[in-house]
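> This is run_15.cif, which holds mmCIF, C-alpha atoms:
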```
data_model
loop_
_atom_site.label_atom_id
_atom_site.label_comp_id
_atom_site.auth_asym_id
_atom_site.auth_seq_id
_atom_site.Cartn_x
_atom_site.Cartn_y
_atom_site.Cartn_z
CA MET U 23 -28.37 -21.82 -55.99
CA THR U 24 -30.99 -24.40 -55.03
CA PRO U 25 -34.34 -24.72 -56.85
CA ILE U 26 -36.04 -23.16 -53.81
CA SER U 27 -33.86 -20.05 -53.76
CA ALA U 28 -34.29 -19.69 -57.54
CA LEU U 29 -38.04 -19.87 -57.01
CA LEU U 30 -37.89 -17.28 -54.20
CA ILE U 31 -35.84 -14.87 -56.36
CA PHE U 32 -38.40 -15.30 -59.13
CA VAL U 33 -41.37 -14.81 -56.78
CA ALA U 34 -39.84 -11.68 -55.18
CA LEU U 35 -39.27 -10.16 -58.64
CA ILE U 36 -42.78 -11.00 -59.89
CA LEU U 37 -44.41 -9.65 -56.72
CA PHE U 38 -42.45 -6.39 -56.99
CA ILE U 39 -43.57 -5.98 -60.61
CA VAL U 40 -47.18 -6.93 -59.88
CA GLY U 41 -47.13 -4.50 -56.94
CA GLN U 42 -46.01 -1.60 -59.15
CA LEU U 43 -48.66 -2.39 -61.77
CA LEU U 44 -51.42 -2.66 -59.13
CA LEU U 45 -50.40 0.64 -57.48
CA LYS U 46 -50.35 2.35 -60.86
CA HIS U 47 -53.81 1.01 -61.67
CA ALA U 48 -55.07 2.02 -58.20
CA MET U 49 -53.89 5.62 -58.66
CA GLU U 50 -55.82 5.87 -61.92
CA ASN U 51 -59.06 5.44 -59.96
CA GLY U 52 -60.68 7.94 -57.60
CA LEU U 53 -58.84 8.01 -54.29
CA GLY U 54 -61.85 7.03 -52.17
CA SER U 55 -63.43 4.49 -54.52
CA ALA U 56 -63.78 0.79 -53.78
CA ARG U 57 -61.71 -0.02 -56.89
CA PHE U 58 -58.90 2.15 -55.57
CA ALA U 59 -58.95 0.40 -52.17
CA LYS U 60 -58.89 -3.05 -53.78
CA PHE U 61 -55.96 -2.39 -56.11
CA PHE U 62 -54.04 -0.26 -53.62
CA GLY U 63 -54.36 -2.94 -50.93
CA GLY U 64 -53.25 -5.61 -53.39
CA GLY U 65 -50.30 -3.54 -54.54
CA LEU U 66 -49.18 -2.76 -51.00
CA ALA U 67 -49.50 -6.44 -50.00
CA ALA U 68 -47.47 -7.60 -53.03
CA MET U 69 -44.71 -5.04 -52.34
CA THR U 70 -44.58 -5.99 -48.65
CA VAL U 71 -44.28 -9.73 -49.30
CA SER U 72 -41.64 -9.07 -51.98
CA PHE U 73 -39.71 -6.90 -49.48
CA PHE U 74 -39.61 -9.63 -46.82
CA ILE U 75 -38.69 -12.39 -49.27
CA THR U 76 -35.82 -10.19 -50.51
CA LEU U 77 -34.74 -9.55 -46.90
CA GLY U 78 -34.66 -13.29 -46.30
CA LEU U 79 -32.69 -13.90 -49.52
CA LEU U 80 -30.15 -11.27 -48.45
CA GLN U 81 -29.31 -13.51 -45.49
CA HIS U 82 -28.07 -16.16 -47.88
CA PHE U 83 -26.79 -14.28 -50.93
CA ASP U 84 -24.70 -11.20 -51.63
CA LEU U 85 -26.57 -8.07 -52.64
CA SER U 86 -24.52 -8.02 -55.84
CA TYR U 87 -25.86 -11.48 -56.69
CA LEU U 88 -29.50 -10.52 -56.12
CA TYR U 89 -29.38 -7.05 -57.68
CA PRO U 90 -29.25 -8.06 -61.37
CA PHE U 91 -32.66 -9.63 -60.98
CA GLN U 92 -33.94 -6.30 -59.68
CA GLY U 93 -32.40 -4.63 -62.73
CA LEU U 94 -34.57 -6.77 -65.00
CA SER U 95 -37.67 -5.21 -63.46
CA VAL U 96 -37.28 -2.05 -65.59
CA VAL U 97 -37.69 -3.86 -68.92
CA ILE U 98 -40.39 -6.19 -67.61
CA ILE U 99 -42.44 -3.37 -66.04
CA SER U 100 -42.29 -1.37 -69.29
CA LEU U 101 -43.45 -4.36 -71.34
CA LEU U 102 -46.25 -5.29 -68.94
CA ALA U 103 -47.43 -1.68 -68.55
CA ALA U 104 -47.80 -1.61 -72.34
CA ALA U 105 -49.50 -5.00 -72.52
CA ILE U 106 -51.80 -4.81 -69.49
CA LEU U 107 -52.31 -1.10 -68.77
CA ARG U 108 -52.39 -0.26 -72.50
CA GLU U 109 -49.67 2.37 -72.15
CA LYS U 110 -47.75 3.56 -75.18
CA LEU U 111 -44.32 1.93 -75.42
CA THR U 112 -42.27 3.47 -78.21
CA PRO U 113 -39.05 1.78 -79.44
CA ARG U 114 -37.20 4.71 -77.89
CA LEU U 115 -38.75 4.14 -74.44
CA PHE U 116 -37.95 0.44 -74.72
CA LEU U 117 -34.33 1.18 -75.66
CA GLY U 118 -34.01 3.48 -72.63
CA ALA U 119 -35.47 0.83 -70.32
CA ALA U 120 -33.15 -1.85 -71.77
CA LEU U 121 -30.06 0.37 -71.28
CA ILE U 122 -31.03 0.99 -67.65
CA SER U 123 -31.46 -2.74 -67.04
CA VAL U 124 -28.04 -3.49 -68.57
CA GLY U 125 -26.50 -0.63 -66.55
CA VAL U 126 -27.91 -1.91 -63.26
CA ILE U 127 -26.63 -5.40 -64.06
CA VAL U 128 -23.13 -4.06 -64.91
CA VAL U 129 -23.06 -2.08 -61.63
CA SER U 130 -24.03 -5.11 -59.58
CA LEU U 131 -21.51 -7.41 -61.29
CA SER U 132 -18.62 -5.08 -60.49
CA MET C 3 -46.58 34.12 -57.68
CA ILE C 4 -48.20 31.74 -55.20
CA GLN C 5 -50.19 30.19 -58.04
CA LYS C 6 -47.00 29.56 -59.99
CA MET C 7 -45.26 28.09 -56.93
CA LYS C 8 -48.20 25.78 -56.32
CA ALA C 9 -48.27 24.62 -59.95
CA PHE C 10 -44.55 23.88 -59.72
CA LEU C 11 -44.82 21.92 -56.46
CA LEU C 12 -47.79 19.92 -57.74
CA SER C 13 -46.13 19.10 -61.06
CA PRO C 14 -45.72 15.32 -61.30
CA TRP C 15 -42.22 15.83 -62.77
CA PHE C 16 -41.14 17.79 -59.69
CA GLN C 17 -42.65 15.09 -57.47
CA LEU C 18 -40.75 12.42 -59.45
CA ALA C 19 -37.50 14.30 -58.84
CA LEU C 20 -38.40 14.63 -55.14
CA SER C 21 -39.15 10.92 -54.92
CA VAL C 22 -35.72 10.09 -56.37
CA ILE C 23 -33.96 12.54 -54.01
CA PHE C 24 -35.92 11.17 -51.01
CA VAL C 25 -34.93 7.57 -51.84
CA THR C 26 -31.27 8.57 -52.12
CA THR C 27 -31.36 10.54 -48.85
CA ALA C 28 -33.09 7.60 -47.14
CA GLU C 29 -30.38 5.18 -48.29
CA VAL C 30 -27.57 7.38 -46.94
CA PHE C 31 -29.31 7.72 -43.55
CA LEU C 32 -30.09 3.99 -43.43
CA LYS C 33 -26.49 3.07 -44.22
CA ARG C 34 -25.18 5.41 -41.51
CA GLY C 35 -27.75 4.07 -39.06
CA ALA C 36 -27.06 0.42 -39.90
CA VAL C 37 -23.34 0.86 -39.26
CA GLU C 38 -23.80 2.50 -35.86
CA ALA C 39 -26.54 0.08 -34.74
CA PRO C 40 -25.68 -2.21 -31.84
CA ARG C 41 -24.86 -5.80 -32.85
CA LEU C 42 -27.31 -8.36 -31.51
CA SER C 43 -26.75 -12.10 -31.24
CA GLU C 44 -26.33 -13.91 -34.57
CA GLU C 45 -29.88 -15.29 -34.70
CA LEU C 46 -31.49 -11.86 -34.37
CA ASN C 47 -28.99 -9.78 -36.30
CA TRP C 48 -30.16 -10.56 -39.84
CA THR C 49 -33.51 -8.83 -39.39
CA GLY C 50 -31.87 -5.44 -38.89
CA VAL C 51 -34.28 -4.64 -36.01
CA SER C 52 -31.39 -3.38 -33.88
CA GLY C 53 -31.14 -0.53 -36.38
CA LEU C 54 -34.27 0.97 -34.83
CA ALA C 55 -32.08 2.12 -31.93
CA SER C 56 -30.37 4.59 -34.26
CA ALA C 57 -31.90 8.01 -34.99
CA ASN C 58 -30.41 7.87 -38.50
CA VAL C 59 -32.50 4.78 -39.27
CA TRP C 60 -35.66 6.65 -38.26
CA TYR C 61 -34.71 9.60 -40.50
CA GLY C 62 -34.20 7.03 -43.24
CA ILE C 63 -37.65 5.54 -42.63
CA LEU C 64 -39.25 9.02 -42.80
CA PHE C 65 -37.59 9.64 -46.15
CA VAL C 66 -38.71 6.22 -47.44
CA LEU C 67 -42.31 7.08 -46.54
CA ALA C 68 -42.01 10.54 -48.13
CA SER C 69 -40.64 9.01 -51.34
CA PHE C 70 -43.56 6.54 -51.42
CA VAL C 71 -46.09 9.37 -51.16
CA SER C 72 -44.46 11.35 -54.00
CA TRP C 73 -44.23 8.16 -56.07
CA LEU C 74 -47.97 7.51 -55.66
CA TYR C 75 -48.63 11.10 -56.78
CA VAL C 76 -46.42 10.52 -59.83
CA LEU C 77 -48.36 7.35 -60.70
CA ARG C 78 -51.56 9.37 -60.94
CA PHE C 79 -50.23 11.42 -63.83
CA ILE C 80 -47.29 9.78 -65.60
CA PRO C 81 -47.45 6.44 -67.48
CA LEU C 82 -45.40 3.66 -65.88
CA THR C 83 -43.42 3.16 -69.12
CA ILE C 84 -41.98 6.65 -68.54
CA ALA C 85 -42.08 7.10 -64.74
CA PHE C 86 -40.45 3.79 -63.77
CA PRO C 87 -37.40 4.06 -66.06
CA LEU C 88 -36.91 7.68 -64.91
CA SER C 89 -37.12 6.63 -61.25
CA ASN C 90 -34.08 4.44 -61.93
CA PHE C 91 -32.04 7.63 -61.80
CA VAL C 92 -31.56 6.51 -58.17
CA HIS C 93 -28.99 4.03 -59.53
CA VAL C 94 -26.93 7.07 -60.54
CA LEU C 95 -27.60 9.23 -57.48
CA ILE C 96 -27.09 6.55 -54.81
CA PRO C 97 -23.56 5.53 -55.94
CA LEU C 98 -22.62 9.21 -56.30
CA SER C 99 -23.85 10.03 -52.80
CA SER C 100 -22.15 6.92 -51.37
CA TRP C 101 -18.98 8.29 -52.91
CA VAL C 102 -19.47 11.88 -51.68
CA PHE C 103 -21.11 11.36 -48.27
CA LEU C 104 -19.97 7.88 -47.22
CA ASN C 105 -16.50 7.87 -48.83
CA GLU C 106 -17.18 4.61 -50.64
CA PHE C 107 -15.00 3.50 -53.56
CA ILE C 108 -16.47 3.18 -57.07
CA SER C 109 -14.64 0.89 -59.52
CA ILE C 110 -14.25 1.62 -63.25
CA GLN C 111 -16.75 -1.09 -64.15
CA ARG C 112 -19.23 0.40 -61.73
CA TRP C 113 -18.78 3.86 -63.29
CA CYS C 114 -19.52 2.24 -66.69
CA GLY C 115 -22.75 0.70 -65.38
CA ILE C 116 -23.76 4.05 -63.85
CA ALA C 117 -23.09 5.74 -67.22
CA LEU C 118 -25.30 3.15 -69.00
CA VAL C 119 -28.16 3.83 -66.57
CA LEU C 120 -27.72 7.56 -67.14
CA CYS C 121 -27.88 7.07 -70.93
CA GLY C 122 -31.08 5.04 -70.56
CA VAL C 123 -32.67 7.70 -68.33
CA LEU C 124 -31.71 10.48 -70.77
CA ILE C 125 -33.12 8.52 -73.73
CA VAL C 126 -36.44 8.20 -71.93
CA ALA C 127 -36.40 11.78 -70.63
CA LYS C 128 -35.57 13.65 -73.87
CA PRO C 129 -38.82 13.19 -75.83
CA VAL C 130 -40.75 13.83 -72.60
CA ALA C 131 -38.96 17.15 -72.09
CA ARG C 132 -39.79 18.17 -75.67
CA MET C 133 -43.43 17.16 -75.15
CA GLU C 134 -43.61 19.34 -72.01
CA GLU C 135 -42.15 22.34 -73.82
CA ASN C 136 -44.94 22.24 -76.37
CA LEU C 137 -47.63 22.32 -73.70
#
```
Is it possible to give me this structure as structure tokens?

Amino acid sequence: MTPISALLIFVALILFIVGQLLLKHAMENGLGSARFAKFFGGGLAAMTVSFFITLGLLQHFDLSYLYPFQGLSVVIISLLAAAILREKLTPRLFLGAALISVGVIVVSLS
Amino acid sequence: MIQKMKAFLLSPWFQLALSVIFVTTAEVFLKRGAVEAPRLSEELNWTGVSGLASANVWYGILFVLASFVSWLYVLRFIPLTIAFPLSNFVHVLIPLSSWVFLNEFISIQRWCGIALVLCGVLIVAKPVARMEENL
């Protein structure tokens, strides 16, 4: 793995996470409002760029190599939703998210 | 009767389940479509554009769009800390449908990973189910 591919994997993961958080925030606003349009557009753009970076990475790496990074998104999204969107994150919810992340990583390593 | 039906269809939990089922259905169609797609020259092949010649790929795309719409509906009502972990149930459903519909092989280690994901989903889902009962 070169520094550039490591950076691309990181960027694709961050953009996917940011996209989910932006879409969530958009849907909490009125569907026609300017705030909704701004966050929805941002979320959609982030998801789209993440999708194409991932597609490009798949040319060079096996899916099983790239998938563990995707698995991490569950834990990170839960933590950031709690920190930024002020959602309630109980220890139980965090444990569930962590188990899912580990499970996805185990699946992709097999 | 119609009122009850409507309430059920508009429940964010039902939409979350739909979203997960749509994603899984999309993946099976996309895999079938990708396999039957004509092979282009090496330089063009990586993009997967040749897949657009297959009807299965278009069914897959329709299901992807449907899952996105249900997911957006879910986001309006359910916190991300609950909805996103639950949506990872696709990591259980997709391997199972690859096994059933595409005759793919699942190794022991893969079964273990699937079981871990299932445990995580159940841990998140249980208090939510109790919360809903009390409503």
> Could you name the residues that touch C:Ser89 at 8 Å or less, counting all atoms listed in the file, but leaving out those on the same chain fewer than 6 positions away, as a list of chain:residue names?
C:Leu18, C:Ser21, C:Val22
> One decimal, in Å: what's the spacing between atom CA of U:Ser100 and atom CA of U:Ser123?
11.1 Å
> Counting only C-alpha atoms, find residues at most 12 Å from (-39.9, 8.8, -48.1) (file frame) and give them as a PyMOL selection string.
chain C and resi 17-18+20-29+31-32+60-74
> Selected by the PyMOL selection byres ((chain C) within 12 of (chain U)) in the shown coordinates: which residues, as a PyMOL selection string?
chain C and resi 44-51+70-94+96-97+107-130
> Name all residues at most 7 Å from U:Ala34 (count only C-alpha atoms; drop same-chain ones fewer than 5 positions away) and give them as JSON, numbers by chain.
{"U": [72, 75, 76]}
> To one decimal in Å, tell me the separation between atom CA of C:Ala9 and atom CA of C:Leu95.
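A separation of 25.9 Å between them.
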> For the PyMOL selection byres ((chain C and resi 56) around 9), applied here, can you spell out every residue it catches as a ChimeraX atom specification?
/C:34-36,38-40,52-55,57-60
> Could you check the closest approach to C:Val102 for each of C:Val30, C:Ile4, C:Ala19, C:Leu11 and tell me which residue wins, using only C-alpha atoms?
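Nearest to C:Val102: C:Val30.
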> Expand the PyMOL selection byres ((chain U and resi 31) around 8) into the individual residues it matches in the shown file, reporting them as a VMD selection string.
chain U and resid 27 to 30 32 to 35 76 79 88 91
> Write out, as a PDB file, in the coordinates of the input, the residues just selected, with C-alpha atoms.

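Output file result-v9.pdb is given in full below:
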```pdb
ATOM      1  CA  SER U  27     -33.860 -20.050 -53.760  1.00  0.00           C
ATOM      2  CA  ALA U  28     -34.290 -19.690 -57.540  1.00  0.00           C
ATOM      3  CA  LEU U  29     -38.040 -19.870 -57.010  1.00  0.00           C
ATOM      4  CA  LEU U  30     -37.890 -17.280 -54.200  1.00  0.00           C
ATOM      5  CA  PHE U  32     -38.400 -15.300 -59.130  1.00  0.00           C
ATOM      6  CA  VAL U  33     -41.370 -14.810 -56.780  1.00  0.00           C
ATOM      7  CA  ALA U  34     -39.840 -11.680 -55.180  1.00  0.00           C
ATOM      8  CA  LEU U  35     -39.270 -10.160 -58.640  1.00  0.00           C
ATOM      9  CA  THR U  76     -35.820 -10.190 -50.510  1.00  0.00           C
ATOM     10  CA  LEU U  79     -32.690 -13.900 -49.520  1.00  0.00           C
ATOM     11  CA  LEU U  88     -29.500 -10.520 -56.120  1.00  0.00           C
ATOM     12  CA  PHE U  91     -32.660  -9.630 -60.980  1.00  0.00           C
TER      13      PHE U  91
END
```
> Give the answer as one residue: which of U:Gln92, U:His82, U:Ile26, U:Val40 has the shortest atom-to-atom distance to U:Gly65, using all atoms listed in the file?
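Closest to U:Gly65 of all the choices is U:Val40.
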